[in-house]
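Asks: This is upload-v9.cif (mmCIF, C-alpha atoms).
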```
data_query
#
loop_
_atom_site.label_atom_id
_atom_site.label_comp_id
_atom_site.auth_asym_id
_atom_site.auth_seq_id
_atom_site.Cartn_x
_atom_site.Cartn_y
_atom_site.Cartn_z
CA MET A 26 9.35 -20.24 -13.73
CA PRO A 27 9.04 -20.92 -17.49
CA GLY A 28 12.02 -20.81 -19.87
CA LYS A 29 14.29 -17.82 -20.37
CA ASP A 30 12.15 -16.35 -23.18
CA TRP A 31 9.01 -16.16 -21.02
CA ARG A 32 9.06 -12.37 -20.93
CA ALA A 33 8.97 -12.01 -24.71
CA GLU A 34 6.27 -14.67 -24.94
CA LEU A 35 4.15 -12.89 -22.33
CA ILE A 36 4.55 -9.51 -24.05
CA ALA A 37 3.59 -11.04 -27.40
CA ALA A 38 0.55 -12.71 -25.86
CA VAL A 39 -0.95 -9.79 -23.92
CA GLN A 40 0.51 -6.88 -25.97
CA PRO A 41 0.77 -4.27 -23.21
CA GLY A 42 1.34 -0.68 -24.22
CA ASN A 43 3.94 0.04 -21.55
CA TYR A 44 6.45 -2.44 -20.11
CA ARG A 45 10.02 -2.51 -18.86
CA TYR A 46 12.55 -5.28 -18.30
CA ASP A 47 14.66 -5.46 -15.11
CA GLU A 48 12.98 -2.45 -13.51
CA PRO A 49 14.58 -1.36 -10.19
CA MET A 50 11.93 -1.56 -7.50
CA SER A 51 13.76 1.10 -5.50
CA HIS A 52 12.24 3.55 -8.01
CA HIS A 53 8.72 2.44 -7.09
CA THR A 54 8.70 2.09 -3.30
CA SER A 55 8.52 4.80 -0.65
CA PHE A 56 11.40 3.05 1.14
CA ARG A 57 13.57 3.64 -1.96
CA ILE A 58 14.76 0.06 -1.50
CA GLY A 59 14.49 -3.02 -3.68
CA GLY A 60 16.22 -4.97 -6.43
CA PRO A 61 14.94 -5.31 -10.01
CA ALA A 62 11.71 -6.92 -11.13
CA ASP A 63 12.13 -9.19 -14.15
CA LEU A 64 9.27 -7.42 -15.89
CA MET A 65 7.03 -4.48 -15.04
CA ILE A 66 3.81 -3.96 -17.00
CA GLU A 67 1.42 -1.03 -16.78
CA VAL A 68 -2.14 -2.14 -17.42
CA GLY A 69 -4.71 0.45 -18.42
CA THR A 70 -8.02 -1.42 -18.55
CA PRO A 71 -9.72 -4.19 -16.56
CA ASP A 72 -9.59 -6.50 -19.60
CA GLU A 73 -5.84 -5.94 -20.03
CA LEU A 74 -5.33 -6.66 -16.35
CA ALA A 75 -7.37 -9.86 -16.57
CA ARG A 76 -5.52 -11.07 -19.70
CA THR A 77 -2.14 -10.48 -18.10
CA VAL A 78 -3.00 -12.09 -14.78
CA ASP A 79 -4.63 -15.08 -16.49
CA TYR A 80 -1.59 -15.61 -18.70
CA CYS A 81 0.72 -15.52 -15.68
CA ARG A 82 -1.45 -17.95 -13.75
CA GLN A 83 -1.64 -20.43 -16.63
CA ALA A 84 2.08 -20.17 -17.39
CA GLY A 85 3.15 -20.46 -13.75
CA ILE A 86 4.69 -16.97 -13.67
CA PHE A 87 4.75 -15.14 -10.35
CA TRP A 88 2.91 -11.80 -10.51
CA PHE A 89 2.44 -9.01 -8.03
CA LEU A 90 0.18 -5.97 -8.14
CA LEU A 91 1.98 -2.80 -7.04
CA GLY A 92 0.10 0.21 -5.73
CA ARG A 93 2.12 3.26 -4.78
CA GLY A 94 4.69 1.15 -2.93
CA THR A 95 4.07 2.80 0.43
CA ASN A 96 3.58 -0.23 2.65
CA LEU A 97 6.14 -2.45 1.00
CA LEU A 98 9.68 -3.75 1.38
CA VAL A 99 11.15 -5.43 -1.71
CA LYS A 100 14.14 -7.66 -1.06
CA ASP A 101 17.55 -6.78 -2.48
CA GLU A 102 17.41 -9.71 -4.90
CA GLY A 103 14.37 -8.16 -6.57
CA ILE A 104 11.30 -9.94 -7.88
CA ARG A 105 11.46 -13.00 -10.11
CA GLY A 106 8.32 -12.52 -12.13
CA VAL A 107 5.96 -9.74 -13.18
CA VAL A 108 5.03 -6.54 -11.35
CA LEU A 109 1.77 -4.98 -12.51
CA LYS A 110 0.97 -1.29 -12.12
CA LEU A 111 -2.49 0.14 -12.71
CA ALA A 112 -2.80 3.16 -15.02
CA GLY A 113 -5.21 4.49 -17.64
CA GLU A 114 -8.84 3.77 -16.70
CA PHE A 115 -7.79 2.99 -13.14
CA SER A 116 -6.99 6.68 -12.64
CA ARG A 117 -10.51 7.97 -13.31
CA ILE A 118 -12.69 9.73 -10.75
CA THR A 119 -16.40 10.56 -10.94
CA ILE A 120 -18.47 12.47 -8.39
CA GLU A 121 -22.24 12.15 -8.26
CA GLY A 122 -24.02 13.75 -5.32
CA GLU A 123 -22.51 12.32 -2.14
CA LYS A 124 -20.80 9.42 -3.90
CA ILE A 125 -17.28 9.31 -5.33
CA LYS A 126 -16.30 6.60 -7.80
CA ALA A 127 -12.51 6.35 -7.70
CA GLY A 128 -10.14 4.18 -9.72
CA ALA A 129 -7.79 2.01 -7.69
CA ALA A 130 -4.64 3.75 -8.97
CA LEU A 131 -5.62 7.16 -7.61
CA SER A 132 -3.76 8.53 -4.60
CA LEU A 133 -5.69 9.02 -1.39
CA ALA A 134 -4.51 12.64 -1.32
CA MET A 135 -6.00 13.31 -4.76
CA VAL A 136 -9.36 11.79 -3.83
CA ALA A 137 -9.40 13.76 -0.56
CA GLU A 138 -8.72 16.96 -2.52
CA GLN A 139 -11.62 16.26 -4.89
CA ALA A 140 -13.91 15.44 -1.97
CA ALA A 141 -13.04 18.76 -0.32
CA ARG A 142 -13.53 20.68 -3.57
CA HIS A 143 -17.04 19.24 -3.88
CA GLY A 144 -17.94 19.83 -0.24
CA LEU A 145 -17.95 16.15 0.75
CA ALA A 146 -16.84 15.28 4.28
CA GLY A 147 -15.66 12.04 5.85
CA PHE A 148 -12.47 11.38 3.89
CA GLU A 149 -10.26 13.91 5.65
CA PHE A 150 -8.51 11.18 7.66
CA ALA A 151 -7.05 9.70 4.46
CA SER A 152 -5.68 12.91 2.97
CA GLY A 153 -2.19 12.39 4.39
CA ILE A 154 -1.90 8.63 3.94
CA PRO A 155 0.66 8.17 1.15
CA GLY A 156 -0.98 5.33 -0.73
CA SER A 157 -3.48 4.44 -3.44
CA ILE A 158 -7.20 3.88 -3.11
CA GLY A 159 -6.79 0.25 -4.12
CA GLY A 160 -4.04 -0.40 -1.59
CA ALA A 161 -6.02 1.37 1.12
CA VAL A 162 -9.03 -0.86 0.52
CA PHE A 163 -6.82 -3.96 0.36
CA MET A 164 -5.47 -3.29 3.87
CA ASN A 165 -8.35 -1.26 5.27
CA ALA A 166 -6.00 1.65 5.85
CA GLY A 167 -6.86 4.16 8.54
CA ALA A 168 -5.71 7.06 10.65
CA TYR A 169 -6.98 9.22 13.50
CA GLY A 170 -9.73 6.81 14.49
CA ARG A 171 -11.21 6.20 11.04
CA GLU A 172 -10.68 3.48 8.44
CA MET A 173 -11.63 2.82 4.83
CA LYS A 174 -14.47 0.61 6.00
CA ASP A 175 -16.18 3.74 7.31
CA VAL A 176 -16.46 5.32 3.85
CA VAL A 177 -16.49 2.43 1.35
CA SER A 178 -19.89 1.66 -0.15
CA ALA A 179 -18.88 -0.91 -2.79
CA VAL A 180 -15.76 -2.31 -4.44
CA HIS A 181 -15.33 -3.47 -8.04
CA VAL A 182 -12.97 -6.44 -7.96
CA TYR A 183 -11.24 -8.86 -10.33
CA GLU A 184 -10.74 -12.29 -8.82
CA PRO A 185 -8.19 -14.32 -10.77
CA GLY A 186 -9.83 -17.43 -12.15
CA GLN A 187 -13.30 -16.21 -11.11
CA GLY A 188 -13.89 -12.99 -13.02
CA PHE A 189 -15.23 -9.54 -12.19
CA LYS A 190 -17.36 -8.97 -9.11
CA ILE A 191 -18.83 -6.14 -7.09
CA TYR A 192 -18.76 -6.44 -3.31
CA GLN A 193 -20.85 -4.27 -1.04
CA ARG A 194 -19.27 -2.87 2.13
CA ASP A 195 -20.63 -5.62 4.38
CA GLU A 196 -19.25 -8.28 2.03
CA MET A 197 -15.69 -6.96 2.19
CA GLU A 198 -14.91 -8.55 5.58
CA PHE A 199 -13.07 -5.45 6.74
CA ALA A 200 -11.04 -5.84 9.92
CA TYR A 201 -8.01 -4.11 11.41
CA ARG A 202 -5.59 -3.67 8.47
CA SER A 203 -7.37 -6.45 6.59
CA SER A 204 -10.06 -7.19 4.02
CA ARG A 205 -11.29 -10.14 1.99
CA LEU A 206 -8.95 -9.01 -0.81
CA GLN A 207 -6.01 -10.10 1.35
CA THR A 208 -7.47 -13.46 2.24
CA GLU A 209 -8.90 -14.31 -1.20
CA GLY A 210 -6.45 -12.62 -3.57
CA GLY A 211 -8.90 -10.26 -5.27
CA ILE A 212 -7.74 -7.12 -7.07
CA CYS A 213 -9.44 -3.81 -6.36
CA LEU A 214 -10.29 -2.00 -9.62
CA GLU A 215 -12.57 0.78 -8.47
CA VAL A 216 -14.15 1.96 -5.23
CA LEU A 217 -17.45 3.68 -4.52
CA LEU A 218 -17.17 6.00 -1.52
CA ALA A 219 -20.20 7.27 0.40
CA LEU A 220 -19.50 10.63 2.03
CA THR A 221 -21.61 13.36 3.64
CA PRO A 222 -22.25 17.01 2.72
CA GLY A 223 -19.99 19.53 4.40
CA GLU A 224 -18.46 22.97 4.04
CA GLU A 225 -15.30 23.07 1.95
CA GLY A 226 -13.58 25.47 4.33
CA LEU A 227 -14.16 23.27 7.36
CA ILE A 228 -13.15 20.14 5.45
CA ARG A 229 -9.89 21.76 4.36
CA GLN A 230 -9.26 23.02 7.87
CA GLU A 231 -9.54 19.51 9.28
CA MET A 232 -7.32 18.11 6.53
CA GLY A 233 -4.73 20.77 7.30
CA GLU A 234 -4.82 20.04 11.03
CA LEU A 235 -4.48 16.28 10.56
CA ASN A 236 -1.62 16.67 8.09
CA SER A 237 0.12 19.12 10.39
CA ARG A 238 -0.07 16.55 13.20
CA ARG A 239 1.35 13.95 10.85
CA ARG A 240 4.31 16.15 9.90
CA GLU A 241 5.03 16.94 13.56
CA LYS A 242 5.00 13.33 14.72
CA GLN A 243 6.26 11.31 11.76
CA PRO A 244 9.71 11.30 10.07
CA LEU A 245 8.37 12.30 6.66
CA GLU A 246 11.73 13.79 5.68
CA TYR A 247 13.18 10.27 5.24
CA PRO A 248 12.13 7.37 3.01
CA SER A 249 10.10 4.81 4.94
CA ALA A 250 7.16 2.45 4.55
CA GLY A 251 5.07 4.08 7.26
CA SER A 252 4.30 2.24 10.48
CA VAL A 253 6.31 -0.97 10.49
CA PHE A 254 4.23 -2.92 13.00
CA LYS A 255 0.54 -3.49 13.58
CA ARG A 256 -0.90 -1.98 16.73
CA PRO A 257 -0.75 -4.58 19.52
CA SER A 258 -3.80 -5.15 21.66
CA HIS A 259 -4.31 -2.36 24.22
CA ASP A 260 -0.98 -0.68 23.41
CA PHE A 261 1.07 1.05 20.72
CA ALA A 262 4.07 -0.39 18.90
CA GLY A 263 5.95 2.91 18.99
CA ARG A 264 5.60 3.19 22.76
CA LEU A 265 6.84 -0.36 23.33
CA ILE A 266 9.80 0.17 21.00
CA GLU A 267 10.72 3.43 22.72
CA GLU A 268 10.33 1.85 26.15
CA ALA A 269 12.75 -0.88 25.05
CA GLY A 270 15.35 1.82 24.41
CA LEU A 271 15.46 1.29 20.65
CA LYS A 272 14.90 4.81 19.33
CA GLY A 273 17.79 5.59 16.99
CA LYS A 274 18.91 1.94 16.81
CA GLN A 275 20.62 1.26 13.48
CA VAL A 276 21.49 -1.70 11.29
CA GLY A 277 23.50 -0.44 8.37
CA LYS A 278 21.67 2.58 7.00
CA ALA A 279 18.28 1.54 8.42
CA GLN A 280 17.27 3.28 11.65
CA VAL A 281 14.44 3.22 14.17
CA ALA A 282 13.29 6.82 13.72
CA LEU A 283 14.11 9.27 16.47
CA LYS A 284 10.91 11.21 15.80
CA HIS A 285 8.59 8.17 15.98
CA ALA A 286 9.82 4.75 17.09
CA GLY A 287 7.09 2.99 15.11
CA PHE A 288 8.91 3.91 11.88
CA ILE A 289 12.07 2.49 10.36
CA ILE A 290 13.71 4.98 8.02
CA ASN A 291 16.24 4.77 5.21
CA LEU A 292 19.07 7.14 6.10
CA GLY A 293 20.43 6.78 2.56
CA GLY A 294 21.61 3.58 0.95
CA ALA A 295 19.83 1.18 3.32
CA THR A 296 19.31 -2.33 1.99
CA ALA A 297 16.30 -4.55 2.49
CA GLN A 298 18.52 -6.83 4.54
CA ASP A 299 19.35 -3.91 6.86
CA VAL A 300 15.63 -3.32 7.39
CA LEU A 301 14.80 -7.00 7.91
CA GLU A 302 17.58 -7.40 10.48
CA LEU A 303 16.42 -4.28 12.30
CA ILE A 304 12.81 -5.51 12.33
CA ALA A 305 13.94 -8.81 13.83
CA LEU A 306 16.07 -7.04 16.42
CA VAL A 307 13.16 -4.82 17.44
CA GLN A 308 10.77 -7.77 17.70
CA GLU A 309 13.15 -9.76 19.89
CA GLU A 310 14.10 -6.86 22.17
CA VAL A 311 10.50 -5.66 22.64
CA TYR A 312 9.42 -9.23 23.41
CA ARG A 313 12.26 -9.59 25.92
CA LYS A 314 11.31 -6.34 27.67
CA SER A 315 7.50 -6.48 27.49
CA GLY A 316 6.42 -9.98 26.48
CA VAL A 317 4.67 -8.53 23.41
CA TRP A 318 5.56 -9.90 19.96
CA LEU A 319 5.14 -7.18 17.35
CA GLU A 320 3.61 -8.27 14.06
CA PRO A 321 4.85 -6.45 10.94
CA GLU A 322 2.34 -4.35 9.06
CA ILE A 323 4.50 -3.81 5.97
CA ARG A 324 4.52 -6.45 3.24
CA VAL A 325 7.82 -8.08 2.28
CA ILE A 326 8.18 -9.58 -1.18
CA GLY A 327 10.91 -10.75 -3.53
CA GLY A 328 13.98 -12.92 -3.34
CA SER A 329 14.96 -16.00 -5.27
#
```
Could you spell out this file's structure in structure tokens?
Replies:
Amino acid sequence: MPGKDWRAELIAAVQPGNYRYDEPMSHHTSFRIGGPADLMIEVGTPDELARTVDYCRQAGIFWFLLGRGTNLLVKDEGIRGVVLKLAGEFSRITIEGEKIKAGAALSLAMVAEQAARHGLAGFEFASGIPGSIGGAVFMNAGAYGREMKDVVSAVHVYEPGQGFKIYQRDEMEFAYRSSRLQTEGGICLEVLLALTPGEEGLIRQEMGELNSRRREKQPLEYPSAGSVFKRPSHDFAGRLIEEAGLKGKQVGKAQVALKHAGFIINLGGATAQDVLELIALVQEEVYRKSGVWLEPEIRVIGGS
């Protein structure tokens, strides 16, 4: 990390309109957990994003792009470096015929609402996923048998050190909870979705049914980061955790949810260390009982 004045030098160099020093990450994650980031910058245009990322790369400053913080655990020590949040132009949406052009900062729920309003079907599965379009593309998010790869037509990307690019669906290397953005470090700026004509009433009915199922089965009344573990081959993480007798297991204020064992919830005041210890305990106990090693789906960042 550069000298102690690096934050002021970065701000002077890229001149962002909105920035904050020592921003608590617990305010920006669905877990409501996480120590402070040295610097948080909201970037409103692709050029501002590129300038900021390029400066960080050249100066050796760690940077991290934050979506809506829904699949993320930030360590208690916080983040030594810069957290970038997309705003401004990244919150635009345009609908032309059966195509939706959506900025990466938009919530999946908002895009699903606009799709329904315009009688476009195929995005209902994403209406209850509590994340951003950009984050959903990054991890090929999915639910109820569908994934982002089923609706993405093209992705506008910034690749640090390489510039702006547009990838078509078949170039995105989508796989289970993965895309080329994960493996190559690209940043999703905007997504083109290809949907199909439908009746608004039927679309809204399906959205309502899916979201009702989600509320019934998931502990949405507590802060969490969604499903903690990736789905193991030919099984379900929640079932294996429950079978291992771990429902309700606690470390500090972190608990394996009673409603759905695939979730770890923050009962109030949980630390990242509580969650990490509980994840490790679950992995070891499930492996001891079933021989299956559960791989975390949530991202963990931060620390010294």
Asks: Can you tell me how far CA of Lys242 in chain A sits from CA of Ile228 in chain A, in Å to one decimal?
Replies: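 We find that CA of Lys242 in chain A and CA of Ile228 in chain A lie 21.5 Å from each other.
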Asks: For the structure shown, which residues end up in the PyMOL selection byres ((chain A and resi 46-51) around 8)? Put them as an MDAnalysis selection string, please?
Replies: chainID A and resid 44:45 52:54 56:65 99 103
Asks: To one decimal in Å, tell me the separation between CA of Ala262 in chain A and CA of Glu309 in chain A.
Replies: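 CA of Ala262 in chain A sits 13.1 Å away from CA of Glu309 in chain A.
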Asks: Here's the selection I'm unsure about, the PyMOL selection byres ((chain A and resi 109) around 8); applied to the file above, which residues does it give, as a list in words?
Replies: Met65, Ile66, Glu67, Val68, Trp88, Phe89, Leu90, Leu91, Val107, Val108, Lys110 and Leu111 of chain A
Asks: Translate the PyMOL selection byres ((chain A and resi 176-179) around 6), as applied to the file shown, into an explicit residue set as an NGL selection string.
Replies: :A and (173-175 or 180 or 192-194 or 217-219)
Asks: So how many Å separate CA of Val182 in chain A and CA of Gly211 in chain A, to one decimal?
Replies: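 Computed distance, CA of Val182 in chain A to CA of Gly211 in chain A, equals 6.2 Å.
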Asks: Can you pull out every residue within 10 Å of Ile86 in chain A, counting only C-alpha atoms, but drop anything in the same chain fewer than 6 positions away, and send it as a list in words?
Replies: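 Near neighbours after the sequence-gap exclusion: Met26, Pro27, Trp31, Arg32, Leu35, Val78, Asp79, Tyr80, Arg105, Gly106 and Val107 of chain A.
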Asks: Only C-alpha atoms, please: the residues just picked out, written as a short mmCIF file (atom, residue, chain, number, x, y, z; two decimals), in the frame of the given file.
Replies:
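Writing the result to result-v6.cif gives the following:
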```cif
data_model
loop_
_atom_site.label_atom_id
_atom_site.label_comp_id
_atom_site.auth_asym_id
_atom_site.auth_seq_id
_atom_site.Cartn_x
_atom_site.Cartn_y
_atom_site.Cartn_z
CA MET A 26 9.35 -20.24 -13.73
CA PRO A 27 9.04 -20.92 -17.49
CA TRP A 31 9.01 -16.16 -21.02
CA ARG A 32 9.06 -12.37 -20.93
CA LEU A 35 4.15 -12.89 -22.33
CA VAL A 78 -3.00 -12.09 -14.78
CA ASP A 79 -4.63 -15.08 -16.49
CA TYR A 80 -1.59 -15.61 -18.70
CA ARG A 105 11.46 -13.00 -10.11
CA GLY A 106 8.32 -12.52 -12.13
CA VAL A 107 5.96 -9.74 -13.18
#
```
Asks: Which residues come within 8 Å of Ala137 in chain A, counting all atoms listed in the file, excluding same-chain residues fewer than 6 positions away, as a PyMOL selection string?
Replies: chain A and resi 148-149+151-152
Asks: Which residue gives the smallest distance to Pro222 in chain A among A:Ile36, A:Val311, A:Ala146, A:Leu265, with only C-alpha atoms counted?
Replies: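 When distances to Pro222 in chain A are compared using only C-alpha atoms, the smallest one comes from A:Ala146.
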Asks: Residues around (20.9, -2.4, 10.7), cut-off 10 Å, counting only C-alpha atoms - what are they as a list in words?
Replies: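 Every polymer residue passing the test: Lys274, Gln275, Val276, Gly277, Lys278, Ala279, Gln280, Val281, Ala295, Thr296, Ala297, Gln298, Asp299, Val300, Leu301, Glu302, Leu303, Ile304, Ala305 and Leu306 of chain A.
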Asks: Counting all atoms listed in the file, which of A:Thr95, A:Ala37, A:Glu246, A:Ala112 gets nearest to Arg76 in chain A?
Replies: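 Looking at the shortest contact to Arg76 in chain A, the residue is A:Ala37.
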Asks: Please determine, counting all atoms listed in the file, which residue among A:Ser249, A:Gly287, A:Ala269, A:Pro155 has the shortest atom-to-atom distance to Asn236 in chain A.
Replies: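 Ranked by minimum distance to Asn236 in chain A, first place goes to A:Pro155.
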Asks: Residues within 12 Å of Lys190 in chain A, please, as number ranges by chain. Count all atoms listed in the file; anything in the same chain fewer than 5 positions from it doesn't count.
Replies: A: 71, 179-185, 196-197, 206, 211-215
Asks: Once you have the residues from the selection above, write them out as a PDB file, in the frame of the given file, restricted to C-alpha atoms.
Replies:
```pdb
ATOM      1  CA  PRO A  71      -9.720  -4.190 -16.560  1.00  0.00           C
ATOM      2  CA  ALA A 179     -18.880  -0.910  -2.790  1.00  0.00           C
ATOM      3  CA  VAL A 180     -15.760  -2.310  -4.440  1.00  0.00           C
ATOM      4  CA  HIS A 181     -15.330  -3.470  -8.040  1.00  0.00           C
ATOM      5  CA  VAL A 182     -12.970  -6.440  -7.960  1.00  0.00           C
ATOM      6  CA  TYR A 183     -11.240  -8.860 -10.330  1.00  0.00           C
ATOM      7  CA  GLU A 184     -10.740 -12.290  -8.820  1.00  0.00           C
ATOM      8  CA  PRO A 185      -8.190 -14.320 -10.770  1.00  0.00           C
ATOM      9  CA  GLU A 196     -19.250  -8.280   2.030  1.00  0.00           C
ATOM     10  CA  MET A 197     -15.690  -6.960   2.190  1.00  0.00           C
ATOM     11  CA  LEU A 206      -8.950  -9.010  -0.810  1.00  0.00           C
ATOM     12  CA  GLY A 211      -8.900 -10.260  -5.270  1.00  0.00           C
ATOM     13  CA  ILE A 212      -7.740  -7.120  -7.070  1.00  0.00           C
ATOM     14  CA  CYS A 213      -9.440  -3.810  -6.360  1.00  0.00           C
ATOM     15  CA  LEU A 214     -10.290  -2.000  -9.620  1.00  0.00           C
ATOM     16  CA  GLU A 215     -12.570   0.780  -8.470  1.00  0.00           C
TER      17      GLU A 215
END
```
Asks: Using only C-alpha atoms, find the one residue out of A:Asn165, A:Ser237, A:Asn43, A:Ser157 that sits nearest to Arg202 in chain A.
Replies: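 Checking each of A:Asn165, A:Ser237, A:Asn43, A:Ser157 against Arg202 in chain A, counting only C-alpha atoms, the winner is A:Asn165.
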Asks: Give me the residues near range 96-98 of chain A as a list of chain:residue names, where near means some atom within 6 Å (using all atoms listed in the file) and where sequence neighbours in that chain fewer than 5 positions away do not count.
Replies: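 The filter keeps A:Ala250, A:Ile323, A:Arg324, A:Val325.
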Asks: Restricting the calculation to only C-alpha atoms, which member of A:Ala75, A:Pro41, A:Leu245, A:Glu310 is positioned closest to Gly188 in chain A?
Replies: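 Smallest separation from Gly188 in chain A among the options: A:Ala75.
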Asks: Identify which of the residues A:Pro321, A:Gly328, A:Gly251, A:Gly270 lies closest to Ile289 in chain A, counting all atoms listed in the file when measuring atom-to-atom distances.
Replies: A:Gly251
Asks: Each side padded by 8 Å, which centre and which edge lengths in Å (one decimal) define the axis-aligned box around the listed atoms of range 200-205 of chain A? Give them as JSON.
Replies:
```
{"center_x": -8.4, "center_y": -6.9, "center_z": 6.7, "size_x": 21.7, "size_y": 22.5, "size_z": 25.4}
```
